[in-house]
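Data block for start.cif (mmCIF, C-alpha atoms):
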```cif
data_start
#
loop_
_atom_site.label_atom_id
_atom_site.label_comp_id
_atom_site.auth_asym_id
_atom_site.auth_seq_id
_atom_site.Cartn_x
_atom_site.Cartn_y
_atom_site.Cartn_z
CA MET Z 1 77.02 32.17 53.01
CA PHE Z 2 77.30 30.96 56.55
CA GLY Z 3 79.15 33.41 58.80
CA TYR Z 4 82.45 31.54 59.09
CA ILE Z 5 84.81 34.24 57.80
CA THR Z 6 85.72 36.16 60.94
CA THR Z 7 88.76 37.81 62.47
CA ASP Z 8 91.27 36.32 64.87
CA PHE Z 9 90.11 38.86 67.43
CA PRO Z 10 92.92 38.49 70.03
CA ASN Z 11 95.45 39.44 67.35
CA LEU Z 12 93.42 42.26 65.80
CA TYR Z 13 94.69 45.83 66.09
CA VAL Z 14 92.34 48.29 67.79
CA LYS Z 15 92.09 50.37 64.60
CA ASP Z 16 91.01 47.31 62.66
CA THR Z 17 88.45 46.34 65.28
CA VAL Z 18 86.87 49.76 64.75
CA LEU Z 19 87.01 49.38 60.95
CA TYR Z 20 85.54 45.87 61.05
CA LYS Z 21 82.61 46.86 63.26
CA ALA Z 22 82.04 49.99 61.18
CA ALA Z 23 81.94 47.90 57.98
CA TYR Z 24 79.57 45.41 59.63
CA CYS Z 25 77.18 48.14 60.78
CA GLY Z 26 77.49 49.92 57.44
CA LEU Z 27 76.54 46.76 55.57
CA CYS Z 28 73.56 46.34 57.89
CA LYS Z 29 72.38 49.86 57.03
CA SER Z 30 73.02 49.19 53.33
CA ILE Z 31 70.81 46.09 53.46
CA GLY Z 32 68.04 48.14 55.06
CA LYS Z 33 68.37 50.79 52.38
CA THR Z 34 68.45 48.30 49.51
CA CYS Z 35 66.17 45.47 50.64
CA GLY Z 36 64.18 46.70 53.63
CA THR Z 37 64.50 46.31 57.37
CA ARG Z 38 63.66 42.60 57.49
CA GLY Z 39 66.56 41.81 55.19
CA ARG Z 40 68.97 43.12 57.84
CA PHE Z 41 68.38 39.95 59.84
CA LEU Z 42 70.29 38.08 57.10
CA LEU Z 43 73.51 40.04 57.67
CA ASN Z 44 76.61 37.90 58.23
CA TYR Z 45 80.36 38.27 58.68
CA ASP Z 46 81.28 36.63 55.35
CA LEU Z 47 79.86 39.57 53.43
CA THR Z 48 81.48 42.03 55.84
CA PHE Z 49 84.85 40.58 54.90
CA LEU Z 50 83.93 40.74 51.20
CA SER Z 51 83.00 44.40 51.58
CA VAL Z 52 86.31 45.26 53.28
CA PHE Z 53 88.32 43.25 50.76
CA VAL Z 54 86.69 44.61 47.60
CA HIS Z 55 86.66 48.22 48.82
CA ASN Z 56 90.42 47.96 49.33
CA VAL Z 57 91.12 46.24 46.01
CA ILE Z 58 89.20 48.75 43.89
CA GLY Z 59 90.49 51.71 45.90
CA GLU Z 60 87.18 52.96 47.26
CA ASP Z 61 87.67 53.91 50.91
CA PHE Z 62 84.98 53.80 53.58
CA GLU Z 63 83.56 57.03 54.91
CA ILE Z 64 83.01 56.38 58.60
CA LYS Z 65 80.71 58.46 60.80
CA LYS Z 66 79.34 58.02 64.30
CA GLU Z 67 75.66 57.15 64.16
CA ARG Z 68 72.89 55.50 66.15
CA CYS Z 69 70.85 52.52 65.06
CA ILE Z 70 67.96 50.40 66.34
CA LEU Z 71 70.23 48.13 68.37
CA HIS Z 72 72.57 50.90 69.55
CA HIS Z 73 70.20 53.83 69.94
CA ILE Z 74 71.79 55.49 72.97
CA VAL Z 75 75.51 55.71 72.23
CA LYS Z 76 76.68 56.52 68.72
CA ARG Z 77 79.14 54.11 67.15
CA PRO Z 78 81.32 54.21 64.02
CA VAL Z 79 79.37 53.22 60.91
CA ALA Z 80 80.59 52.99 57.31
CA THR Z 81 78.32 55.19 55.23
CA PRO Z 82 76.51 53.18 52.53
CA ASP Z 83 78.11 53.70 49.11
CA ALA Z 84 77.50 52.19 45.68
CA LEU Z 85 79.64 49.11 46.39
CA SER Z 86 78.13 48.55 49.83
CA LEU Z 87 74.66 48.62 48.32
CA ARG Z 88 75.66 45.98 45.77
CA ILE Z 89 77.12 43.74 48.47
CA ALA Z 90 74.01 44.32 50.60
CA ALA Z 91 71.86 42.94 47.78
CA LEU Z 92 74.28 40.06 47.36
CA ASN Z 93 74.06 39.29 51.10
CA VAL Z 94 70.30 38.88 50.84
CA ILE Z 95 70.53 36.85 47.61
CA LEU Z 96 73.04 34.40 49.08
CA ALA Z 97 71.10 34.05 52.32
CA TYR Z 98 67.85 33.41 50.46
CA TYR Z 99 69.37 30.67 48.32
CA LYS Z 100 70.88 29.13 51.44
CA LEU Z 101 67.43 29.09 53.05
CA SER Z 102 66.04 27.51 49.87
CA ASP Z 103 68.80 24.89 49.98
CA ASN Z 104 67.82 24.09 53.58
CA VAL Z 105 64.23 23.54 52.44
CA ILE Z 106 65.45 21.10 49.79
CA ASP Z 107 67.84 19.28 52.15
CA GLU Z 108 65.71 19.13 55.28
CA GLY Z 109 62.16 19.59 54.00
CA LYS Z 110 61.53 22.41 56.43
CA GLY Z 111 62.14 26.13 56.80
CA ARG Z 112 59.56 27.29 54.26
CA ILE Z 113 58.00 29.77 56.67
CA LYS Z 114 61.38 31.28 57.52
CA ARG Z 115 62.24 31.58 53.83
CA SER Z 116 58.89 33.20 53.07
CA LEU Z 117 59.64 35.94 55.61
CA PHE Z 118 62.53 37.12 53.44
CA LYS Z 119 60.97 36.66 49.99
CA LYS Z 120 60.15 40.35 49.64
CA ALA Z 121 63.71 41.35 50.57
CA TYR Z 122 65.06 38.81 48.08
CA LYS Z 123 62.88 40.16 45.27
CA LYS Z 124 64.23 43.66 45.92
CA ALA Z 125 67.81 42.34 45.92
CA LYS Z 126 67.26 40.40 42.70
CA LYS Z 127 65.85 43.50 41.01
CA VAL Z 128 68.92 45.51 42.03
CA GLU Z 129 71.49 42.84 41.10
CA PRO Z 130 70.00 40.44 38.51
CA LEU Z 131 73.41 39.28 37.24
CA LEU Z 132 74.67 38.43 40.71
CA ASP Z 133 71.41 36.61 41.35
CA LYS Z 134 71.93 34.57 38.17
CA THR Z 135 75.48 33.72 39.24
CA VAL Z 136 74.28 32.42 42.59
CA LYS Z 137 71.30 30.60 41.09
CA ASP Z 138 73.33 28.84 38.38
CA ASN Z 139 76.00 27.60 40.78
CA TYR Z 140 73.45 26.47 43.35
CA GLN Z 141 71.67 24.50 40.63
CA THR Z 142 74.96 22.79 39.78
CA LEU Z 143 75.52 22.05 43.46
CA ILE Z 144 72.01 20.66 43.91
CA ALA Z 145 72.52 18.37 40.90
CA LEU Z 146 75.70 16.98 42.46
CA GLU Z 147 73.91 16.48 45.77
CA LYS Z 148 71.09 14.61 44.01
CA GLN Z 149 73.74 12.32 42.52
CA ASN Z 150 74.87 11.69 46.10
CA SER Z 151 78.46 12.42 45.11
CA ASP Z 152 81.25 11.50 47.52
CA SER Z 153 83.94 13.62 45.84
CA ILE Z 154 84.96 16.43 48.21
CA ASP Z 155 86.74 18.33 45.44
CA ILE Z 156 83.93 18.08 42.88
CA VAL Z 157 81.09 18.92 45.27
CA SER Z 158 82.86 21.99 46.65
CA ASP Z 159 83.66 23.29 43.15
CA PRO Z 160 80.36 25.14 42.48
CA PHE Z 161 80.70 27.21 45.62
CA GLY Z 162 84.28 28.06 44.70
CA SER Z 163 83.25 29.00 41.16
CA MET Z 164 80.41 31.12 42.51
CA MET Z 165 82.75 33.09 44.77
CA ARG Z 166 85.19 33.68 41.91
CA GLU Z 167 82.43 34.97 39.62
CA ILE Z 168 81.02 37.20 42.35
CA VAL Z 169 84.37 38.79 43.16
CA LYS Z 170 85.10 39.25 39.46
CA ALA Z 171 81.80 41.11 39.03
CA LEU Z 172 82.49 43.34 42.04
CA THR Z 173 86.15 44.15 41.32
CA GLY Z 174 85.78 44.80 37.59
CA ASP Z 175 89.06 45.75 35.92
CA LYS Z 176 90.94 45.25 39.21
CA PHE Z 177 90.29 41.51 39.01
CA THR Z 178 93.36 39.29 38.56
CA ASP Z 179 93.94 35.57 38.21
CA ASP Z 180 95.31 35.45 41.77
CA ILE Z 181 92.25 37.25 43.16
CA GLY Z 182 90.16 34.71 41.27
CA GLU Z 183 92.13 31.79 42.71
CA LEU Z 184 91.90 33.26 46.20
CA SER Z 185 88.14 33.70 45.84
CA TYR Z 186 87.67 30.21 44.41
CA ASN Z 187 89.49 28.56 47.30
CA LEU Z 188 87.73 30.75 49.84
CA GLY Z 189 84.40 29.57 48.43
CA LYS Z 190 85.49 25.94 48.67
CA TRP Z 191 86.65 26.49 52.25
CA ILE Z 192 83.28 28.01 53.24
CA TYR Z 193 81.38 25.08 51.76
CA LEU Z 194 83.60 22.41 53.32
CA ILE Z 195 83.99 23.95 56.78
CA ASP Z 196 80.20 24.25 56.94
CA ALA Z 197 79.82 20.61 55.87
CA LEU Z 198 82.29 19.38 58.49
CA ASP Z 199 80.71 21.56 61.17
CA ASP Z 200 77.26 20.15 60.31
CA PHE Z 201 78.34 16.49 60.10
CA ASP Z 202 76.34 15.33 63.14
CA LYS Z 203 73.24 17.40 62.34
CA ASP Z 204 73.17 16.18 58.73
CA LYS Z 205 73.79 12.59 59.81
CA LYS Z 206 70.79 12.77 62.11
CA SER Z 207 68.47 14.46 59.59
CA GLY Z 208 69.63 12.49 56.56
CA SER Z 209 70.60 15.66 54.70
CA PHE Z 210 73.31 15.57 52.05
CA ASN Z 211 76.83 16.07 53.39
CA VAL Z 212 79.88 15.29 51.29
CA PHE Z 213 81.93 14.24 54.33
CA ILE Z 214 79.25 11.73 55.32
CA ASN Z 215 79.39 10.29 51.82
CA ALA Z 216 83.19 10.29 51.66
CA TYR Z 217 83.54 8.68 55.10
CA LYS Z 218 80.51 6.40 55.32
CA GLU Z 219 82.03 4.26 58.05
CA PHE Z 220 81.81 7.02 60.67
CA SER Z 221 78.65 7.75 62.64
CA ASP Z 222 79.68 11.12 64.11
CA LYS Z 223 82.15 13.93 63.61
CA GLU Z 224 84.15 13.15 66.72
CA SER Z 225 85.03 9.63 65.57
CA LEU Z 226 85.71 10.89 62.02
CA ILE Z 227 88.20 13.49 63.19
CA ALA Z 228 89.83 11.08 65.63
CA ALA Z 229 90.50 8.57 62.85
CA LYS Z 230 91.00 10.85 59.83
CA LYS Z 231 92.47 14.02 61.30
CA SER Z 232 95.57 13.90 59.09
CA GLU Z 233 93.49 13.52 55.93
CA LEU Z 234 91.22 16.39 56.90
CA GLU Z 235 94.22 18.58 57.72
CA ILE Z 236 95.61 17.88 54.25
CA ILE Z 237 92.27 18.82 52.63
CA PHE Z 238 91.86 22.08 54.52
CA GLY Z 239 95.58 22.79 54.62
CA GLY Z 240 95.81 22.65 50.85
CA ILE Z 241 92.93 25.11 50.45
CA LEU Z 242 94.28 27.50 53.08
CA SER Z 243 97.76 27.33 51.55
CA ARG Z 244 96.42 28.50 48.17
CA ILE Z 245 94.53 31.31 49.86
CA TYR Z 246 97.70 32.44 51.68
CA GLU Z 247 99.81 32.30 48.51
CA CYS Z 248 97.34 34.26 46.41
CA ALA Z 249 96.64 36.81 49.17
CA LYS Z 250 100.31 37.81 49.15
CA THR Z 251 100.05 38.94 45.52
CA VAL Z 252 96.94 41.12 45.89
CA SER Z 253 97.49 44.80 45.14
CA TYR Z 254 95.73 46.76 47.86
CA ASN Z 255 95.11 50.50 47.81
CA PHE Z 256 95.00 50.98 51.58
CA ASN Z 257 96.31 49.38 54.75
CA HIS Z 258 95.38 45.69 54.71
CA ASP Z 259 96.07 44.58 58.29
CA LEU Z 260 92.39 43.67 58.69
CA THR Z 261 92.16 41.46 55.61
CA ASP Z 262 95.52 39.89 56.48
CA ASN Z 263 94.25 39.05 59.95
CA ILE Z 264 91.20 37.31 58.50
CA LEU Z 265 92.92 35.48 55.64
CA TYR Z 266 96.12 34.46 57.44
CA LYS Z 267 94.79 33.89 60.96
CA GLY Z 268 90.99 33.98 61.17
CA LEU Z 269 90.41 31.15 58.67
CA PHE Z 270 93.00 28.97 60.40
CA VAL Z 271 91.47 29.57 63.84
CA LYS Z 272 87.99 28.76 62.57
CA THR Z 273 89.23 25.57 60.92
CA LYS Z 274 91.03 24.56 64.12
CA ASN Z 275 87.90 25.19 66.19
CA VAL Z 276 85.73 23.01 63.94
CA MET Z 277 88.38 20.28 63.96
CA GLU Z 278 88.42 20.43 67.75
CA TYR Z 279 84.67 19.86 67.82
CA LYS Z 280 83.76 23.42 68.77
CA LYS Z 281 80.53 24.67 67.24
CA CYS Z 282 81.34 27.67 65.07
CA LYS Z 283 78.37 28.31 62.84
CA ASN Z 284 76.57 31.59 62.23
CA THR Z 285 78.51 33.88 64.54
CA THR Z 286 77.03 37.16 63.39
CA LYS Z 287 76.98 39.30 66.50
CA SER Z 288 78.95 42.52 66.47
#
```

Once more with this new file: its structure as structure tokens, please.
Amino acid sequence: MFGYITTDFPNLYVKDTVLYKAAYCGLCKSIGKTCGTRGRFLLNYDLTFLSVFVHNVIGEDFEIKKERCILHHIVKRPVATPDALSLRIAALNVILAYYKLSDNVIDEGKGRIKRSLFKKAYKKAKKVEPLLDKTVKDNYQTLIALEKQNSDSIDIVSDPFGSMMREIVKALTGDKFTDDIGELSYNLGKWIYLIDALDDFDKDKKSGSFNVFINAYKEFSDKESLIAAKKSELEIIFGGILSRIYECAKTVSYNFNHDLTDNILYKGLFVKTKNVMEYKKCKNTTKS
């Protein structure tokens, strides 16, 4: 994943800011415990959201304690204690990041050294969660096949990432999984793929890497001119996806307070989409 799923911080309650940071730090510690210290560098906000969301859906609350860590070794800060679910999501975080690095190698022909640095962490993650690894691998292979065909269908190309998210959430939520949670997850996956593609339009145009928006709008040489001419079309594309996420999110049965997930799903995704559409660089914001 890419680090796009974040909060709308100005409208976040103080209690939820504490919870969000605690979940982020807890996931970092879970990655270290599951995959080793180097794997912690792959931590991103998308998986922090997934951890908060799934914990709430299955009714497994965080246990938060004040602890120190390598980055915050003087003053203790709230940290969600690693539990069974956090450890699974930690492995998933490393698996997803590793396949993303591999995809970059395929697209850009570089990044092999960076990927090799995390191979050991990936092997540990794969050993812990072989079925999640297979889910990610299978959907990435489908995506790569579509990219090799140089497809220009925005809906078709974004489908594997949506399907992957749905399968992942189904595996993590177990008997708490519903059709609406599946639809929410599917559209969230599509949104991640497409917002990343739009954000990377100029970089991919320059490098010659596959980008579905470049294929769908061949007449435009940069993102700024694309958005200026096709803003309404892009708003319809992203608006339709966000609308389905909103509708499905309203039907989710949570076990605890869900102000944090509401903030992310109803506001954070919209703000991130707006920022990308306004030509603000939004990628890989993973600082806590």

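Checking Z:Ala97, Z:Val276, Z:Leu143, Z:Asp152 one by one against Phe238 of chain Z, counting only C-alpha atoms, you find the shortest gap at Z:Val276.
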
If we count all atoms listed in the file, what is near Ala125 of chain Z at a cut-off of 9 Å, once residues fewer than 4 positions away on the same chain are taken out, given as a ChimeraX atom specification? /Z:31,34-35,88,90-95,120-121,129-130,133

Dump as an mmCIF file, in the frame of the given file, selection limited to C-alpha atoms:
```cif
data_model
loop_
_atom_site.group_PDB
_atom_site.id
_atom_site.type_symbol
_atom_site.label_atom_id
_atom_site.label_comp_id
_atom_site.auth_asym_id
_atom_site.auth_seq_id
_atom_site.Cartn_x
_atom_site.Cartn_y
_atom_site.Cartn_z
ATOM 1 C CA ILE Z 31 70.810 46.090 53.460
ATOM 2 C CA THR Z 34 68.450 48.300 49.510
ATOM 3 C CA CYS Z 35 66.170 45.470 50.640
ATOM 4 C CA ARG Z 88 75.660 45.980 45.770
ATOM 5 C CA ALA Z 90 74.010 44.320 50.600
ATOM 6 C CA ALA Z 91 71.860 42.940 47.780
ATOM 7 C CA LEU Z 92 74.280 40.060 47.360
ATOM 8 C CA ASN Z 93 74.060 39.290 51.100
ATOM 9 C CA VAL Z 94 70.300 38.880 50.840
ATOM 10 C CA ILE Z 95 70.530 36.850 47.610
ATOM 11 C CA LYS Z 120 60.150 40.350 49.640
ATOM 12 C CA ALA Z 121 63.710 41.350 50.570
ATOM 13 C CA GLU Z 129 71.490 42.840 41.100
ATOM 14 C CA PRO Z 130 70.000 40.440 38.510
ATOM 15 C CA ASP Z 133 71.410 36.610 41.350
#
```

Return the single residue from Z:His258, Z:Lys114, Z:Lys218, Z:Lys274 that is closest to Gly59 of chain Z, with distances computed using all atoms listed in the file. Z:His258

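Comparing the minimum interatomic distances between Ala216 of chain Z and each of Z:Asn104, Z:Ser253, Z:Gln141, Z:Asn150, counting only C-alpha atoms, we find that Z:Asn150 sits nearest.
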
I'd like to see the residues matched by the PyMOL selection byres ((chain Z and resi 61-68) around 12) on this file, and ideally I'd get them as JSON, numbers by chain. {"Z": [18, 19, 20, 21, 22, 23, 24, 25, 26, 27, 29, 51, 52, 53, 54, 55, 56, 57, 58, 59, 60, 69, 70, 71, 72, 73, 74, 75, 76, 77, 78, 79, 80, 81, 82, 83, 84, 85, 86, 254, 255, 256, 257, 258]}

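Around the point (81.1, 27.9, 40.1), within 10 Å and counting only C-alpha atoms, we find these residues: Thr135, Val136, Asp138, Asn139, Tyr140, Thr142, Leu143, Ser158, Asp159, Pro160, Phe161, Gly162, Ser163, Met164, Met165, Arg166, Glu167, Ile168, Tyr186, Gly189 and Lys190 of chain Z.
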
Target residues per the PyMOL selection byres ((chain Z and resi 268) around 6), formatted as an mmCIF file with C-alpha atoms, in the frame of the given file:
```
data_model
loop_
_atom_site.group_PDB
_atom_site.id
_atom_site.type_symbol
_atom_site.label_atom_id
_atom_site.label_comp_id
_atom_site.auth_asym_id
_atom_site.auth_seq_id
_atom_site.Cartn_x
_atom_site.Cartn_y
_atom_site.Cartn_z
ATOM 1 C CA THR Z 6 85.720 36.160 60.940
ATOM 2 C CA THR Z 7 88.760 37.810 62.470
ATOM 3 C CA ASP Z 8 91.270 36.320 64.870
ATOM 4 C CA ILE Z 264 91.200 37.310 58.500
ATOM 5 C CA LYS Z 267 94.790 33.890 60.960
ATOM 6 C CA LEU Z 269 90.410 31.150 58.670
ATOM 7 C CA PHE Z 270 93.000 28.970 60.400
ATOM 8 C CA VAL Z 271 91.470 29.570 63.840
#
```

How big is the axis-aligned box, and where does its centre sit, when it encloses all atoms of segment 246-251 of chain Z listed in the file and has 5 Å added on every side, reported in Å to one decimal as JSON?
```
{"center_x": 98.5, "center_y": 35.6, "center_z": 48.6, "size_x": 13.7, "size_y": 16.6, "size_z": 16.2}
```

Find, counting all atoms listed in the file, the residue in Z:Val157, Z:Ser30, Z:Thr48, Z:Tyr266 that gets nearest to Ala145 of chain Z. Z:Val157

One decimal place gives the atom CA of Leu234 of chain Z-atom CA of Thr273 of chain Z separation as 10.2 Å

Nearby residues (all atoms listed in the file) at most 12 Å from Tyr246 of chain Z, same-chain spacing under 5 positions excluded, as a PyMOL selection string: chain Z and resi 180-181+183-185+187-188+239-241+251-252+261-270

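Proximity ranking of Z:Trp191, Z:Phe213, Z:Phe9, Z:Phe118 relative to Arg244 of chain Z places Z:Trp191 first, based on all atoms listed in the file.
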
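From atom CA of Lys110 of chain Z back to atom CA of Asp196 of chain Z, the distance works out to 18.8 Å.
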
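Among Z:Lys137, Z:Arg40, Z:Leu260, Z:Lys223, the residue with the shortest atom-to-atom distance to Asp16 of chain Z, counting only C-alpha atoms, is Z:Leu260.
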
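Reported to one decimal place, the separation of atom CA of Lys33 of chain Z from atom CA of Val105 of chain Z is 27.6 Å.
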
May I ask you to restore N, CA and C atoms in segment 33-50 of chain Z and write the result as a PDB file, in the coordinates of the input?
```
ATOM      1  N   LYS Z  33      68.628  49.817  53.436  1.00  0.00           N
ATOM      2  CA  LYS Z  33      68.370  50.790  52.380  1.00  0.00           C
ATOM      3  C   LYS Z  33      68.015  50.122  51.062  1.00  0.00           C
ATOM      4  N   THR Z  34      68.641  48.977  50.789  1.00  0.00           N
ATOM      5  CA  THR Z  34      68.450  48.300  49.510  1.00  0.00           C
ATOM      6  C   THR Z  34      67.264  47.331  49.527  1.00  0.00           C
ATOM      7  N   CYS Z  35      67.121  46.588  50.614  1.00  0.00           N
ATOM      8  CA  CYS Z  35      66.170  45.470  50.640  1.00  0.00           C
ATOM      9  C   CYS Z  35      65.116  45.547  51.733  1.00  0.00           C
ATOM     10  N   GLY Z  36      65.169  46.585  52.562  1.00  0.00           N
ATOM     11  CA  GLY Z  36      64.180  46.700  53.630  1.00  0.00           C
ATOM     12  C   GLY Z  36      64.718  46.214  54.959  1.00  0.00           C
ATOM     13  N   THR Z  37      64.034  46.604  56.023  1.00  0.00           N
ATOM     14  CA  THR Z  37      64.500  46.310  57.370  1.00  0.00           C
ATOM     15  C   THR Z  37      64.600  44.816  57.657  1.00  0.00           C
ATOM     16  N   ARG Z  38      63.639  44.039  57.197  1.00  0.00           N
ATOM     17  CA  ARG Z  38      63.660  42.600  57.490  1.00  0.00           C
ATOM     18  C   ARG Z  38      64.896  41.922  56.924  1.00  0.00           C
ATOM     19  N   GLY Z  39      65.369  42.403  55.792  1.00  0.00           N
ATOM     20  CA  GLY Z  39      66.560  41.810  55.190  1.00  0.00           C
ATOM     21  C   GLY Z  39      67.798  41.946  56.047  1.00  0.00           C
ATOM     22  N   ARG Z  40      67.799  42.897  56.983  1.00  0.00           N
ATOM     23  CA  ARG Z  40      68.970  43.120  57.840  1.00  0.00           C
ATOM     24  C   ARG Z  40      69.235  41.936  58.759  1.00  0.00           C
ATOM     25  N   PHE Z  41      68.203  41.128  59.003  1.00  0.00           N
ATOM     26  CA  PHE Z  41      68.380  39.950  59.840  1.00  0.00           C
ATOM     27  C   PHE Z  41      69.231  38.881  59.151  1.00  0.00           C
ATOM     28  N   LEU Z  42      69.489  39.041  57.864  1.00  0.00           N
ATOM     29  CA  LEU Z  42      70.290  38.080  57.100  1.00  0.00           C
ATOM     30  C   LEU Z  42      71.775  38.454  57.064  1.00  0.00           C
ATOM     31  N   LEU Z  43      72.121  39.572  57.659  1.00  0.00           N
ATOM     32  CA  LEU Z  43      73.510  40.040  57.670  1.00  0.00           C
ATOM     33  C   LEU Z  43      74.445  38.989  58.258  1.00  0.00           C
ATOM     34  N   ASN Z  44      75.610  38.792  57.624  1.00  0.00           N
ATOM     35  CA  ASN Z  44      76.610  37.900  58.230  1.00  0.00           C
ATOM     36  C   ASN Z  44      78.031  38.387  57.985  1.00  0.00           C
ATOM     37  N   TYR Z  45      78.972  37.826  58.704  1.00  0.00           N
ATOM     38  CA  TYR Z  45      80.360  38.270  58.680  1.00  0.00           C
ATOM     39  C   TYR Z  45      81.056  37.990  57.353  1.00  0.00           C
ATOM     40  N   ASP Z  46      80.626  36.941  56.624  1.00  0.00           N
ATOM     41  CA  ASP Z  46      81.280  36.630  55.350  1.00  0.00           C
ATOM     42  C   ASP Z  46      81.218  37.816  54.392  1.00  0.00           C
ATOM     43  N   LEU Z  47      80.040  38.442  54.335  1.00  0.00           N
ATOM     44  CA  LEU Z  47      79.860  39.570  53.430  1.00  0.00           C
ATOM     45  C   LEU Z  47      80.538  40.834  53.952  1.00  0.00           C
ATOM     46  N   THR Z  48      80.709  40.916  55.269  1.00  0.00           N
ATOM     47  CA  THR Z  48      81.480  42.030  55.840  1.00  0.00           C
ATOM     48  C   THR Z  48      82.922  41.954  55.370  1.00  0.00           C
ATOM     49  N   PHE Z  49      83.491  40.748  55.413  1.00  0.00           N
ATOM     50  CA  PHE Z  49      84.850  40.580  54.900  1.00  0.00           C
ATOM     51  C   PHE Z  49      84.907  40.948  53.417  1.00  0.00           C
ATOM     52  N   LEU Z  50      83.935  40.463  52.640  1.00  0.00           N
ATOM     53  CA  LEU Z  50      83.930  40.740  51.200  1.00  0.00           C
ATOM     54  C   LEU Z  50      83.887  42.238  50.940  1.00  0.00           C
TER      55      LEU Z  50
END
```
